[in-house]
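The structure file work.pdb is reproduced below (PDB, C-alpha atoms).
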```
ATOM      1  CA  MET A1320     125.022  93.349  66.311  1.00  0.00           C
ATOM      2  CA  ASP A1321     124.829  96.738  67.975  1.00  0.00           C
ATOM      3  CA  PRO A1322     122.036  97.453  70.436  1.00  0.00           C
ATOM      4  CA  VAL A1323     118.953  98.814  68.703  1.00  0.00           C
ATOM      5  CA  ASP A1324     117.424 102.031  69.968  1.00  0.00           C
ATOM      6  CA  ILE A1325     113.760 102.146  69.015  1.00  0.00           C
ATOM      7  CA  ASP A1326     113.509 105.922  69.172  1.00  0.00           C
ATOM      8  CA  ALA A1327     116.580 106.378  67.011  1.00  0.00           C
ATOM      9  CA  ALA A1328     115.054 103.921  64.543  1.00  0.00           C
ATOM     10  CA  LEU A1329     111.751 105.803  64.536  1.00  0.00           C
ATOM     11  CA  ALA A1330     113.622 108.990  63.633  1.00  0.00           C
ATOM     12  CA  THR A1331     114.973 107.459  60.409  1.00  0.00           C
ATOM     13  CA  PHE A1332     111.701 107.204  58.464  1.00  0.00           C
ATOM     14  CA  THR A1333     108.277 108.717  58.087  1.00  0.00           C
ATOM     15  CA  GLU A1334     106.378 106.261  55.846  1.00  0.00           C
ATOM     16  CA  THR A1335     103.352 104.566  57.377  1.00  0.00           C
ATOM     17  CA  TRP A1336     102.492 100.868  56.935  1.00  0.00           C
ATOM     18  CA  SER A1337     106.070 100.211  55.793  1.00  0.00           C
ATOM     19  CA  PRO A1338     107.779  97.917  58.309  1.00  0.00           C
ATOM     20  CA  ARG A1339     111.457  98.227  59.196  1.00  0.00           C
ATOM     21  CA  LEU A1340     113.485  95.245  60.390  1.00  0.00           C
ATOM     22  CA  LEU A1341     114.755  95.899  63.921  1.00  0.00           C
ATOM     23  CA  ALA A1342     116.188  92.499  64.801  1.00  0.00           C
ATOM     24  CA  SER A1343     115.974  88.799  64.048  1.00  0.00           C
ATOM     25  CA  ILE A1344     115.694  85.918  66.493  1.00  0.00           C
ATOM     26  CA  ASN A1345     116.233  82.564  64.806  1.00  0.00           C
ATOM     27  CA  ASP A1346     113.704  82.632  61.940  1.00  0.00           C
ATOM     28  CA  TYR A1347     111.508  85.334  63.478  1.00  0.00           C
ATOM     29  CA  ASP A1348     111.681  89.050  62.736  1.00  0.00           C
ATOM     30  CA  VAL A1349     110.994  92.003  65.013  1.00  0.00           C
ATOM     31  CA  LYS A1350     109.735  94.901  62.940  1.00  0.00           C
ATOM     32  CA  LEU A1351     108.999  98.552  63.627  1.00  0.00           C
ATOM     33  CA  VAL A1352     106.137 100.230  61.802  1.00  0.00           C
ATOM     34  CA  LYS A1353     104.484 103.628  61.859  1.00  0.00           C
ATOM     35  CA  VAL A1354     100.750 103.387  61.315  1.00  0.00           C
ATOM     36  CA  GLU A1355      97.955 105.860  60.723  1.00  0.00           C
ATOM     37  CA  GLY A1356      94.403 105.484  59.519  1.00  0.00           C
ATOM     38  CA  ASP A1357      92.949 102.216  58.251  1.00  0.00           C
ATOM     39  CA  PHE A1358      94.992  99.306  56.939  1.00  0.00           C
ATOM     40  CA  THR A1359      93.177  96.534  55.057  1.00  0.00           C
ATOM     41  CA  TRP A1360      91.266  93.462  56.188  1.00  0.00           C
ATOM     42  CA  HIS A1361      93.515  90.426  55.968  1.00  0.00           C
ATOM     43  CA  SER A1362      94.592  87.290  57.757  1.00  0.00           C
ATOM     44  CA  HIS A1363      97.676  85.119  57.991  1.00  0.00           C
ATOM     45  CA  GLU A1364      96.721  81.491  57.567  1.00  0.00           C
ATOM     46  CA  ASP A1365      99.977  80.037  58.839  1.00  0.00           C
ATOM     47  CA  THR A1366     101.028  82.191  61.742  1.00  0.00           C
ATOM     48  CA  ASP A1367     100.052  84.199  64.779  1.00  0.00           C
ATOM     49  CA  GLU A1368     101.160  87.839  64.822  1.00  0.00           C
ATOM     50  CA  LEU A1369     102.084  90.006  67.804  1.00  0.00           C
ATOM     51  CA  PHE A1370     101.435  93.750  68.035  1.00  0.00           C
ATOM     52  CA  LEU A1371     103.100  95.762  70.810  1.00  0.00           C
ATOM     53  CA  VAL A1372     102.144  99.430  70.787  1.00  0.00           C
ATOM     54  CA  LEU A1373     104.998 101.850  71.458  1.00  0.00           C
ATOM     55  CA  ASP A1374     103.272 105.194  70.984  1.00  0.00           C
ATOM     56  CA  GLY A1375      99.790 106.392  70.151  1.00  0.00           C
ATOM     57  CA  GLU A1376      96.716 104.202  69.917  1.00  0.00           C
ATOM     58  CA  LEU A1377      96.035 101.176  67.746  1.00  0.00           C
ATOM     59  CA  THR A1378      92.613  99.645  67.280  1.00  0.00           C
ATOM     60  CA  ILE A1379      92.495  96.174  65.764  1.00  0.00           C
ATOM     61  CA  ALA A1380      89.106  95.262  64.342  1.00  0.00           C
ATOM     62  CA  LEU A1381      88.613  91.503  64.373  1.00  0.00           C
ATOM     63  CA  ASP A1382      86.680  88.818  62.526  1.00  0.00           C
ATOM     64  CA  GLY A1383      85.744  90.839  59.433  1.00  0.00           C
ATOM     65  CA  PRO A1384      83.680  93.926  58.640  1.00  0.00           C
ATOM     66  CA  GLU A1385      80.403  92.321  59.678  1.00  0.00           C
ATOM     67  CA  ALA A1386      81.616  91.803  63.237  1.00  0.00           C
ATOM     68  CA  SER A1387      81.989  94.490  65.871  1.00  0.00           C
ATOM     69  CA  ASP A1388      84.853  92.914  67.771  1.00  0.00           C
ATOM     70  CA  GLU A1389      87.909  95.038  68.346  1.00  0.00           C
ATOM     71  CA  VAL A1390      90.754  95.577  70.737  1.00  0.00           C
ATOM     72  CA  VAL A1391      92.209  98.985  71.551  1.00  0.00           C
ATOM     73  CA  LEU A1392      95.870  99.183  72.512  1.00  0.00           C
ATOM     74  CA  GLY A1393      97.875 102.048  73.986  1.00  0.00           C
ATOM     75  CA  PRO A1394     101.582 102.246  74.751  1.00  0.00           C
ATOM     76  CA  ARG A1395     103.028  99.157  76.469  1.00  0.00           C
ATOM     77  CA  GLN A1396      99.995  97.066  75.571  1.00  0.00           C
ATOM     78  CA  LEU A1397     100.184  94.031  73.325  1.00  0.00           C
ATOM     79  CA  TYR A1398      97.922  91.586  71.558  1.00  0.00           C
ATOM     80  CA  VAL A1399      98.387  88.419  69.526  1.00  0.00           C
ATOM     81  CA  ILE A1400      96.222  87.849  66.457  1.00  0.00           C
ATOM     82  CA  PRO A1401      95.770  84.086  66.137  1.00  0.00           C
ATOM     83  CA  ARG A1402      96.479  82.532  62.761  1.00  0.00           C
ATOM     84  CA  GLY A1403      93.555  82.672  60.376  1.00  0.00           C
ATOM     85  CA  VAL A1404      91.729  85.502  62.149  1.00  0.00           C
ATOM     86  CA  GLN A1405      90.675  88.374  59.907  1.00  0.00           C
ATOM     87  CA  HIS A1406      91.872  91.692  61.272  1.00  0.00           C
ATOM     88  CA  LEU A1407      92.086  95.342  60.276  1.00  0.00           C
ATOM     89  CA  PRO A1408      94.476  97.603  62.181  1.00  0.00           C
ATOM     90  CA  ARG A1409      93.607 101.292  62.366  1.00  0.00           C
ATOM     91  CA  ALA A1410      95.560 103.939  64.205  1.00  0.00           C
ATOM     92  CA  ARG A1411      95.603 107.483  65.362  1.00  0.00           C
ATOM     93  CA  PRO A1412      98.299 109.750  63.959  1.00  0.00           C
ATOM     94  CA  GLY A1413     101.619 109.309  65.728  1.00  0.00           C
ATOM     95  CA  THR A1414     101.184 105.624  66.424  1.00  0.00           C
ATOM     96  CA  SER A1415     104.129 103.251  66.247  1.00  0.00           C
ATOM     97  CA  VAL A1416     104.056  99.509  66.732  1.00  0.00           C
ATOM     98  CA  LEU A1417     106.527  96.690  67.218  1.00  0.00           C
ATOM     99  CA  LEU A1418     105.549  93.561  65.281  1.00  0.00           C
ATOM    100  CA  LEU A1419     106.749  90.035  65.817  1.00  0.00           C
ATOM    101  CA  GLU A1420     106.205  87.223  63.348  1.00  0.00           C
ATOM    102  CA  PRO A1421     108.111  84.593  61.378  1.00  0.00           C
ATOM    103  CA  ARG A1422     110.408  85.875  58.634  1.00  0.00           C
ATOM    104  CA  GLY A1423     108.714  86.243  55.278  1.00  0.00           C
ATOM    105  CA  VAL A1424     105.201  87.031  56.468  1.00  0.00           C
ATOM    106  CA  VAL A1425     103.570  89.501  54.078  1.00  0.00           C
ATOM    107  CA  ASN A1426     101.998  92.501  55.802  1.00  0.00           C
ATOM    108  CA  THR A1427      98.716  92.230  53.900  1.00  0.00           C
ATOM    109  CA  GLY A1428      98.488  88.459  54.386  1.00  0.00           C
ATOM    110  CA  ASP A1429      96.103  86.734  51.967  1.00  0.00           C
ATOM    111  CA  THR A1430      94.583  90.034  50.773  1.00  0.00           C
ATOM    112  CA  GLY A1431      97.457  91.695  48.936  1.00  0.00           C
ATOM    113  CA  GLY A1432      96.804  95.015  47.235  1.00  0.00           C
ATOM    114  CA  PRO A1433      98.506  98.404  47.247  1.00  0.00           C
ATOM    115  CA  LEU A1434      99.386  98.412  50.939  1.00  0.00           C
ATOM    116  CA  THR A1435     101.587  95.348  50.500  1.00  0.00           C
ATOM    117  CA  ALA A1436     105.124  96.369  51.501  1.00  0.00           C
ATOM    118  CA  GLU A1437     108.372  94.492  51.780  1.00  0.00           C
ATOM    119  CA  THR A1438     110.091  94.775  55.135  1.00  0.00           C
ATOM    120  CA  GLN A1439     112.892  97.345  54.767  1.00  0.00           C
ATOM    121  CA  PRO A1440     116.233  97.375  56.550  1.00  0.00           C
ATOM    122  CA  LEU A1441     116.749 100.211  58.988  1.00  0.00           C
TER     123      LEU A1441
ATOM    124  CA  MET O1125      92.912  86.533  74.519  1.00  0.00           C
ATOM    125  CA  ASP O1126      92.517  89.895  76.184  1.00  0.00           C
ATOM    126  CA  PRO O1127      95.010  92.654  75.457  1.00  0.00           C
ATOM    127  CA  VAL O1128      97.991  92.530  77.786  1.00  0.00           C
ATOM    128  CA  ASP O1129      98.977  95.654  79.666  1.00  0.00           C
ATOM    129  CA  ILE O1130     102.645  95.477  80.584  1.00  0.00           C
ATOM    130  CA  ASP O1131     102.367  97.895  83.489  1.00  0.00           C
ATOM    131  CA  ALA O1132      99.410  96.046  84.964  1.00  0.00           C
ATOM    132  CA  ALA O1133     101.428  92.837  84.625  1.00  0.00           C
ATOM    133  CA  LEU O1134     104.430  94.418  86.344  1.00  0.00           C
ATOM    134  CA  ALA O1135     102.206  95.352  89.280  1.00  0.00           C
ATOM    135  CA  THR O1136     101.298  91.700  89.954  1.00  0.00           C
ATOM    136  CA  PHE O1137     104.697  90.460  91.172  1.00  0.00           C
ATOM    137  CA  THR O1138     107.902  91.549  92.832  1.00  0.00           C
ATOM    138  CA  GLU O1139     110.262  88.579  92.386  1.00  0.00           C
ATOM    139  CA  THR O1140     113.388  89.189  90.320  1.00  0.00           C
ATOM    140  CA  TRP O1141     114.771  86.736  87.715  1.00  0.00           C
ATOM    141  CA  SER O1142     111.405  84.944  87.660  1.00  0.00           C
ATOM    142  CA  PRO O1143     109.860  85.309  84.199  1.00  0.00           C
ATOM    143  CA  ARG O1144     106.127  85.696  83.640  1.00  0.00           C
ATOM    144  CA  LEU O1145     104.445  84.573  80.429  1.00  0.00           C
ATOM    145  CA  LEU O1146     102.863  87.579  78.706  1.00  0.00           C
ATOM    146  CA  ALA O1147     101.850  86.037  75.391  1.00  0.00           C
ATOM    147  CA  SER O1148     102.626  83.263  72.946  1.00  0.00           C
ATOM    148  CA  ILE O1149     103.133  83.504  69.184  1.00  0.00           C
ATOM    149  CA  ASN O1150     103.171  80.097  67.554  1.00  0.00           C
ATOM    150  CA  ASP O1151     105.866  78.220  69.526  1.00  0.00           C
ATOM    151  CA  TYR O1152     107.552  81.350  70.861  1.00  0.00           C
ATOM    152  CA  ASP O1153     106.926  82.970  74.232  1.00  0.00           C
ATOM    153  CA  VAL O1154     107.043  86.627  75.218  1.00  0.00           C
ATOM    154  CA  LYS O1155     108.028  86.907  78.869  1.00  0.00           C
ATOM    155  CA  LEU O1156     108.213  89.730  81.372  1.00  0.00           C
ATOM    156  CA  VAL O1157     110.927  89.696  83.997  1.00  0.00           C
ATOM    157  CA  LYS O1158     112.094  92.003  86.758  1.00  0.00           C
ATOM    158  CA  VAL O1159     115.841  91.942  87.162  1.00  0.00           C
ATOM    159  CA  GLU O1160     118.305  93.346  89.660  1.00  0.00           C
ATOM    160  CA  GLY O1161     121.952  92.661  90.330  1.00  0.00           C
ATOM    161  CA  ASP O1162     123.929  89.894  88.624  1.00  0.00           C
ATOM    162  CA  PHE O1163     122.407  86.833  86.993  1.00  0.00           C
ATOM    163  CA  THR O1164     124.709  83.943  86.079  1.00  0.00           C
ATOM    164  CA  TRP O1165     126.942  83.248  83.094  1.00  0.00           C
ATOM    165  CA  HIS O1166     125.157  80.952  80.684  1.00  0.00           C
ATOM    166  CA  SER O1167     124.396  80.334  77.044  1.00  0.00           C
ATOM    167  CA  HIS O1168     121.621  78.788  74.981  1.00  0.00           C
ATOM    168  CA  GLU O1169     123.089  76.411  72.447  1.00  0.00           C
ATOM    169  CA  ASP O1170     119.997  76.100  70.297  1.00  0.00           C
ATOM    170  CA  THR O1171     118.463  79.544  70.163  1.00  0.00           C
ATOM    171  CA  ASP O1172     118.943  83.264  69.945  1.00  0.00           C
ATOM    172  CA  GLU O1173     117.339  85.336  72.717  1.00  0.00           C
ATOM    173  CA  LEU O1174     115.935  88.859  72.540  1.00  0.00           C
ATOM    174  CA  PHE O1175     116.047  91.379  75.399  1.00  0.00           C
ATOM    175  CA  LEU O1176     113.926  94.535  75.182  1.00  0.00           C
ATOM    176  CA  VAL O1177     114.374  96.850  78.161  1.00  0.00           C
ATOM    177  CA  LEU O1178     111.175  98.426  79.457  1.00  0.00           C
ATOM    178  CA  ASP O1179     112.447 100.297  82.513  1.00  0.00           C
ATOM    179  CA  GLY O1180     115.778 100.848  84.201  1.00  0.00           C
ATOM    180  CA  GLU O1181     119.132  99.760  82.818  1.00  0.00           C
ATOM    181  CA  LEU O1182     120.381  96.332  81.806  1.00  0.00           C
ATOM    182  CA  THR O1183     124.001  95.524  81.099  1.00  0.00           C
ATOM    183  CA  ILE O1184     124.683  92.263  79.297  1.00  0.00           C
ATOM    184  CA  ALA O1185     128.263  91.067  79.679  1.00  0.00           C
ATOM    185  CA  LEU O1186     129.271  88.894  76.719  1.00  0.00           C
ATOM    186  CA  ASP O1187     131.681  86.095  75.867  1.00  0.00           C
ATOM    187  CA  GLY O1188     132.536  85.003  79.403  1.00  0.00           C
ATOM    188  CA  PRO O1189     134.190  86.506  82.476  1.00  0.00           C
ATOM    189  CA  GLU O1190     137.588  86.823  80.792  1.00  0.00           C
ATOM    190  CA  ALA O1191     136.190  89.153  78.126  1.00  0.00           C
ATOM    191  CA  SER O1192     135.289  92.784  78.613  1.00  0.00           C
ATOM    192  CA  ASP O1193     132.548  92.947  76.012  1.00  0.00           C
ATOM    193  CA  GLU O1194     129.200  94.256  77.136  1.00  0.00           C
ATOM    194  CA  VAL O1195     126.152  96.073  75.907  1.00  0.00           C
ATOM    195  CA  VAL O1196     124.193  98.556  78.006  1.00  0.00           C
ATOM    196  CA  LEU O1197     120.484  98.921  77.332  1.00  0.00           C
ATOM    197  CA  GLY O1198     118.015 101.520  78.557  1.00  0.00           C
ATOM    198  CA  PRO O1199     114.271 101.738  77.985  1.00  0.00           C
ATOM    199  CA  ARG O1200     113.155 101.048  74.410  1.00  0.00           C
ATOM    200  CA  GLN O1201     116.498  99.509  73.519  1.00  0.00           C
ATOM    201  CA  LEU O1202     116.881  95.886  72.478  1.00  0.00           C
ATOM    202  CA  TYR O1203     119.568  93.332  71.771  1.00  0.00           C
ATOM    203  CA  VAL O1204     119.692  89.775  70.491  1.00  0.00           C
ATOM    204  CA  ILE O1205     122.117  87.315  72.058  1.00  0.00           C
ATOM    205  CA  PRO O1206     123.099  84.869  69.320  1.00  0.00           C
ATOM    206  CA  ARG O1207     122.846  81.169  70.099  1.00  0.00           C
ATOM    207  CA  GLY O1208     125.874  79.783  71.861  1.00  0.00           C
ATOM    208  CA  VAL O1209     127.162  83.127  73.150  1.00  0.00           C
ATOM    209  CA  GLN O1210     127.958  83.226  76.847  1.00  0.00           C
ATOM    210  CA  HIS O1211     126.226  86.125  78.559  1.00  0.00           C
ATOM    211  CA  LEU O1212     125.590  87.497  82.030  1.00  0.00           C
ATOM    212  CA  PRO O1213     122.775  90.025  82.489  1.00  0.00           C
ATOM    213  CA  ARG O1214     123.112  92.499  85.333  1.00  0.00           C
ATOM    214  CA  ALA O1215     120.710  95.256  86.178  1.00  0.00           C
ATOM    215  CA  ARG O1216     120.108  98.302  88.267  1.00  0.00           C
ATOM    216  CA  PRO O1217     117.219  98.170  90.733  1.00  0.00           C
ATOM    217  CA  GLY O1218     113.890  98.849  89.071  1.00  0.00           C
ATOM    218  CA  THR O1219     114.771  97.244  85.762  1.00  0.00           C
ATOM    219  CA  SER O1220     112.192  95.278  83.804  1.00  0.00           C
ATOM    220  CA  VAL O1221     112.747  93.429  80.559  1.00  0.00           C
ATOM    221  CA  LEU O1222     110.657  91.787  77.873  1.00  0.00           C
ATOM    222  CA  LEU O1223     112.189  88.525  76.656  1.00  0.00           C
ATOM    223  CA  LEU O1224     111.446  86.659  73.462  1.00  0.00           C
ATOM    224  CA  GLU O1225     112.536  83.111  72.794  1.00  0.00           C
ATOM    225  CA  PRO O1226     111.156  79.717  71.798  1.00  0.00           C
ATOM    226  CA  ARG O1227     108.901  78.000  74.316  1.00  0.00           C
ATOM    227  CA  GLY O1228     110.744  75.813  76.791  1.00  0.00           C
ATOM    228  CA  VAL O1229     114.030  77.700  76.912  1.00  0.00           C
ATOM    229  CA  VAL O1230     115.473  77.519  80.436  1.00  0.00           C
ATOM    230  CA  ASN O1231     116.485  80.891  81.852  1.00  0.00           C
ATOM    231  CA  THR O1232     119.895  79.684  83.027  1.00  0.00           C
ATOM    232  CA  GLY O1233     120.619  77.846  79.770  1.00  0.00           C
ATOM    233  CA  ASP O1234     123.379  75.243  80.039  1.00  0.00           C
ATOM    234  CA  THR O1235     124.500  76.479  83.481  1.00  0.00           C
ATOM    235  CA  GLY O1236     121.556  75.626  85.731  1.00  0.00           C
ATOM    236  CA  GLY O1237     121.864  76.383  89.426  1.00  0.00           C
ATOM    237  CA  PRO O1238     119.716  78.149  91.978  1.00  0.00           C
ATOM    238  CA  LEU O1239     118.589  80.953  89.656  1.00  0.00           C
ATOM    239  CA  THR O1240     116.861  78.467  87.365  1.00  0.00           C
ATOM    240  CA  ALA O1241     113.168  79.387  87.315  1.00  0.00           C
ATOM    241  CA  GLU O1242     110.184  78.038  85.445  1.00  0.00           C
ATOM    242  CA  THR O1243     108.212  80.616  83.511  1.00  0.00           C
ATOM    243  CA  GLN O1244     105.130  81.491  85.557  1.00  0.00           C
ATOM    244  CA  PRO O1245     101.703  82.445  84.268  1.00  0.00           C
ATOM    245  CA  LEU O1246     100.615  85.997  84.982  1.00  0.00           C
TER     246      LEU O1246
END
```

As a first step, turn the structure in this file into structure tokens.
Amino acid sequence: MDPVDIDAALATFTETWSPRLLASINDYDVKLVKVEGDFTWHSHEDTDELFLVLDGELTIALDGPEASDEVVLGPRQLYVIPRGVQHLPRARPGTSVLLLEPRGVVNTGDTGGPLTAETQPL
Amino acid sequence: MDPVDIDAALATFTETWSPRLLASINDYDVKLVKVEGDFTWHSHEDTDELFLVLDGELTIALDGPEASDEVVLGPRQLYVIPRGVQHLPRARPGTSVLLLEPRGVVNTGDTGGPLTAETQPL
């Protein structure tokens, strides 16, 4: 493989909530995603999921809409959502995130719906 | 878990080639390491290994000392060393790297020696 430049990768697309595959390590994928506004409540029953913020600000609401738990992440801050935990990412404009999870994880988890997006190649 | 701030984590240690555990995702670990100068030639027979440069400049020589292959990574650039590939990381002063690999991988791989270091908690 060639080295991957995150900023060059960010310059190749504008769609939000549409992950791009940056690299694979064994059966795990590292993905790059631009995010803005609210995603959808969902969980992943079989896997943890790592968010590393690159730019902007990402808030991850946790434990469902009745709860008030959330974490707020800026650049160079990361968080792992444990498997089975309901979460809703929301972001300011201009936010980009690196995701790490096993290959084949669906972005909307057990919720599905119109925000479901296949991971795209760069 | 609490969110992890990479820069706060970097401020807690000065040792080079001594990885700190930042987070775990399933049976994978995300580690933070400060690097400077030459490491040692080694490979990991059973796993790929991801390097994401945070600060500074990391050169990864590849395929053994007789080869001239290398990749040079600056901040926000990443590379995956495939399993079994001999590699020697070398870095300018002030370089820090995020590593991703399965839990239990030894930093010096099949080479061992004095640079072998257990992953430390933050």

Reference chain O, mobile chain A, all Cα atoms fitted, written as a CSV table (one decimal) with C-alpha atoms, in the frame of the given file:
```csv
chain,number,residue,atom,x,y,z
A,1320,MET,CA,92.9,86.5,74.5
A,1321,ASP,CA,92.5,89.9,76.2
A,1322,PRO,CA,95.0,92.6,75.5
A,1323,VAL,CA,98.0,92.5,77.8
A,1324,ASP,CA,99.0,95.7,79.7
A,1325,ILE,CA,102.6,95.5,80.6
A,1326,ASP,CA,102.4,97.9,83.5
A,1327,ALA,CA,99.4,96.0,85.0
A,1328,ALA,CA,101.4,92.8,84.6
A,1329,LEU,CA,104.4,94.4,86.3
A,1330,ALA,CA,102.2,95.4,89.3
A,1331,THR,CA,101.3,91.7,90.0
A,1332,PHE,CA,104.7,90.5,91.2
A,1333,THR,CA,107.9,91.5,92.8
A,1334,GLU,CA,110.3,88.6,92.4
A,1335,THR,CA,113.4,89.2,90.3
A,1336,TRP,CA,114.8,86.7,87.7
A,1337,SER,CA,111.4,84.9,87.7
A,1338,PRO,CA,109.9,85.3,84.2
A,1339,ARG,CA,106.1,85.7,83.7
A,1340,LEU,CA,104.4,84.6,80.4
A,1341,LEU,CA,102.9,87.6,78.7
A,1342,ALA,CA,101.9,86.0,75.4
A,1343,SER,CA,102.6,83.3,72.9
A,1344,ILE,CA,103.1,83.5,69.2
A,1345,ASN,CA,103.2,80.1,67.5
A,1346,ASP,CA,105.9,78.2,69.5
A,1347,TYR,CA,107.6,81.3,70.9
A,1348,ASP,CA,106.9,83.0,74.2
A,1349,VAL,CA,107.0,86.6,75.2
A,1350,LYS,CA,108.0,86.9,78.9
A,1351,LEU,CA,108.2,89.7,81.4
A,1352,VAL,CA,110.9,89.7,84.0
A,1353,LYS,CA,112.1,92.0,86.8
A,1354,VAL,CA,115.8,91.9,87.2
A,1355,GLU,CA,118.3,93.3,89.7
A,1356,GLY,CA,122.0,92.7,90.3
A,1357,ASP,CA,123.9,89.9,88.6
A,1358,PHE,CA,122.4,86.8,87.0
A,1359,THR,CA,124.7,83.9,86.1
A,1360,TRP,CA,126.9,83.3,83.1
A,1361,HIS,CA,125.1,81.0,80.7
A,1362,SER,CA,124.4,80.3,77.0
A,1363,HIS,CA,121.6,78.8,75.0
A,1364,GLU,CA,123.1,76.4,72.4
A,1365,ASP,CA,120.0,76.1,70.3
A,1366,THR,CA,118.5,79.5,70.2
A,1367,ASP,CA,118.9,83.3,69.9
A,1368,GLU,CA,117.3,85.3,72.7
A,1369,LEU,CA,115.9,88.9,72.5
A,1370,PHE,CA,116.0,91.4,75.4
A,1371,LEU,CA,113.9,94.5,75.2
A,1372,VAL,CA,114.4,96.8,78.2
A,1373,LEU,CA,111.2,98.4,79.5
A,1374,ASP,CA,112.5,100.3,82.5
A,1375,GLY,CA,115.8,100.8,84.2
A,1376,GLU,CA,119.1,99.8,82.8
A,1377,LEU,CA,120.4,96.3,81.8
A,1378,THR,CA,124.0,95.5,81.1
A,1379,ILE,CA,124.7,92.3,79.3
A,1380,ALA,CA,128.3,91.1,79.7
A,1381,LEU,CA,129.3,88.9,76.7
A,1382,ASP,CA,131.7,86.1,75.9
A,1383,GLY,CA,132.5,85.0,79.4
A,1384,PRO,CA,134.2,86.5,82.5
A,1385,GLU,CA,137.6,86.8,80.8
A,1386,ALA,CA,136.2,89.2,78.1
A,1387,SER,CA,135.3,92.8,78.6
A,1388,ASP,CA,132.6,92.9,76.0
A,1389,GLU,CA,129.2,94.3,77.1
A,1390,VAL,CA,126.2,96.1,75.9
A,1391,VAL,CA,124.2,98.6,78.0
A,1392,LEU,CA,120.5,98.9,77.3
A,1393,GLY,CA,118.0,101.5,78.6
A,1394,PRO,CA,114.3,101.7,78.0
A,1395,ARG,CA,113.1,101.0,74.4
A,1396,GLN,CA,116.5,99.5,73.5
A,1397,LEU,CA,116.9,95.9,72.5
A,1398,TYR,CA,119.6,93.3,71.8
A,1399,VAL,CA,119.7,89.8,70.5
A,1400,ILE,CA,122.1,87.3,72.1
A,1401,PRO,CA,123.1,84.9,69.3
A,1402,ARG,CA,122.8,81.2,70.1
A,1403,GLY,CA,125.9,79.8,71.9
A,1404,VAL,CA,127.2,83.1,73.1
A,1405,GLN,CA,128.0,83.2,76.9
A,1406,HIS,CA,126.2,86.1,78.6
A,1407,LEU,CA,125.6,87.5,82.0
A,1408,PRO,CA,122.8,90.0,82.5
A,1409,ARG,CA,123.1,92.5,85.3
A,1410,ALA,CA,120.7,95.3,86.2
A,1411,ARG,CA,120.1,98.3,88.3
A,1412,PRO,CA,117.2,98.2,90.7
A,1413,GLY,CA,113.9,98.8,89.1
A,1414,THR,CA,114.8,97.2,85.8
A,1415,SER,CA,112.2,95.3,83.8
A,1416,VAL,CA,112.7,93.4,80.6
A,1417,LEU,CA,110.7,91.8,77.9
A,1418,LEU,CA,112.2,88.5,76.7
A,1419,LEU,CA,111.5,86.7,73.5
A,1420,GLU,CA,112.5,83.1,72.8
A,1421,PRO,CA,111.2,79.7,71.8
A,1422,ARG,CA,108.9,78.0,74.3
A,1423,GLY,CA,110.7,75.8,76.8
A,1424,VAL,CA,114.0,77.7,76.9
A,1425,VAL,CA,115.5,77.5,80.4
A,1426,ASN,CA,116.5,80.9,81.8
A,1427,THR,CA,119.9,79.7,83.0
A,1428,GLY,CA,120.6,77.8,79.8
A,1429,ASP,CA,123.4,75.2,80.0
A,1430,THR,CA,124.5,76.5,83.5
A,1431,GLY,CA,121.6,75.6,85.7
A,1432,GLY,CA,121.9,76.4,89.4
A,1433,PRO,CA,119.7,78.2,92.0
A,1434,LEU,CA,118.6,81.0,89.7
A,1435,THR,CA,116.9,78.5,87.4
A,1436,ALA,CA,113.2,79.4,87.3
A,1437,GLU,CA,110.2,78.0,85.4
A,1438,THR,CA,108.2,80.6,83.5
A,1439,GLN,CA,105.1,81.5,85.6
A,1440,PRO,CA,101.7,82.4,84.3
A,1441,LEU,CA,100.6,86.0,85.0
```

Å distance separating CA of Ile1344 (chain A) from CA of Asp1367 (chain A), one decimal place: 15.8 Å

Point-to-point distance in Å for CA of Val1425 (chain A) and CA of Val1128 (chain O):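 Interatomic distance, CA of Val1128 (chain O) to CA of Val1425 (chain A): 24.5 Å.
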
Top pick for closest residue to chain A, considering O:Thr1183, O:Thr1136, O:Ser1142, O:Thr1232 and counting all atoms listed in the file: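 Smallest separation from chain A among the options: O:Thr1183.
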
For this file, the ChimeraX specification (/A :<10) & /O selects which residues, as a CSV table (one decimal) with C-alpha atoms, keeping the file's coordinate frame?
```
chain,number,residue,atom,x,y,z
O,1125,MET,CA,92.9,86.5,74.5
O,1126,ASP,CA,92.5,89.9,76.2
O,1127,PRO,CA,95.0,92.7,75.5
O,1128,VAL,CA,98.0,92.5,77.8
O,1129,ASP,CA,99.0,95.7,79.7
O,1130,ILE,CA,102.6,95.5,80.6
O,1131,ASP,CA,102.4,97.9,83.5
O,1132,ALA,CA,99.4,96.0,85.0
O,1146,LEU,CA,102.9,87.6,78.7
O,1147,ALA,CA,101.8,86.0,75.4
O,1148,SER,CA,102.6,83.3,72.9
O,1149,ILE,CA,103.1,83.5,69.2
O,1150,ASN,CA,103.2,80.1,67.6
O,1151,ASP,CA,105.9,78.2,69.5
O,1152,TYR,CA,107.6,81.4,70.9
O,1154,VAL,CA,107.0,86.6,75.2
O,1170,ASP,CA,120.0,76.1,70.3
O,1171,THR,CA,118.5,79.5,70.2
O,1172,ASP,CA,118.9,83.3,69.9
O,1173,GLU,CA,117.3,85.3,72.7
O,1174,LEU,CA,115.9,88.9,72.5
O,1175,PHE,CA,116.0,91.4,75.4
O,1176,LEU,CA,113.9,94.5,75.2
O,1178,LEU,CA,111.2,98.4,79.5
O,1195,VAL,CA,126.2,96.1,75.9
O,1196,VAL,CA,124.2,98.6,78.0
O,1197,LEU,CA,120.5,98.9,77.3
O,1198,GLY,CA,118.0,101.5,78.6
O,1199,PRO,CA,114.3,101.7,78.0
O,1200,ARG,CA,113.2,101.0,74.4
O,1201,GLN,CA,116.5,99.5,73.5
O,1202,LEU,CA,116.9,95.9,72.5
O,1203,TYR,CA,119.6,93.3,71.8
O,1204,VAL,CA,119.7,89.8,70.5
O,1205,ILE,CA,122.1,87.3,72.1
O,1206,PRO,CA,123.1,84.9,69.3
O,1207,ARG,CA,122.8,81.2,70.1
O,1224,LEU,CA,111.4,86.7,73.5
O,1225,GLU,CA,112.5,83.1,72.8
O,1226,PRO,CA,111.2,79.7,71.8
```
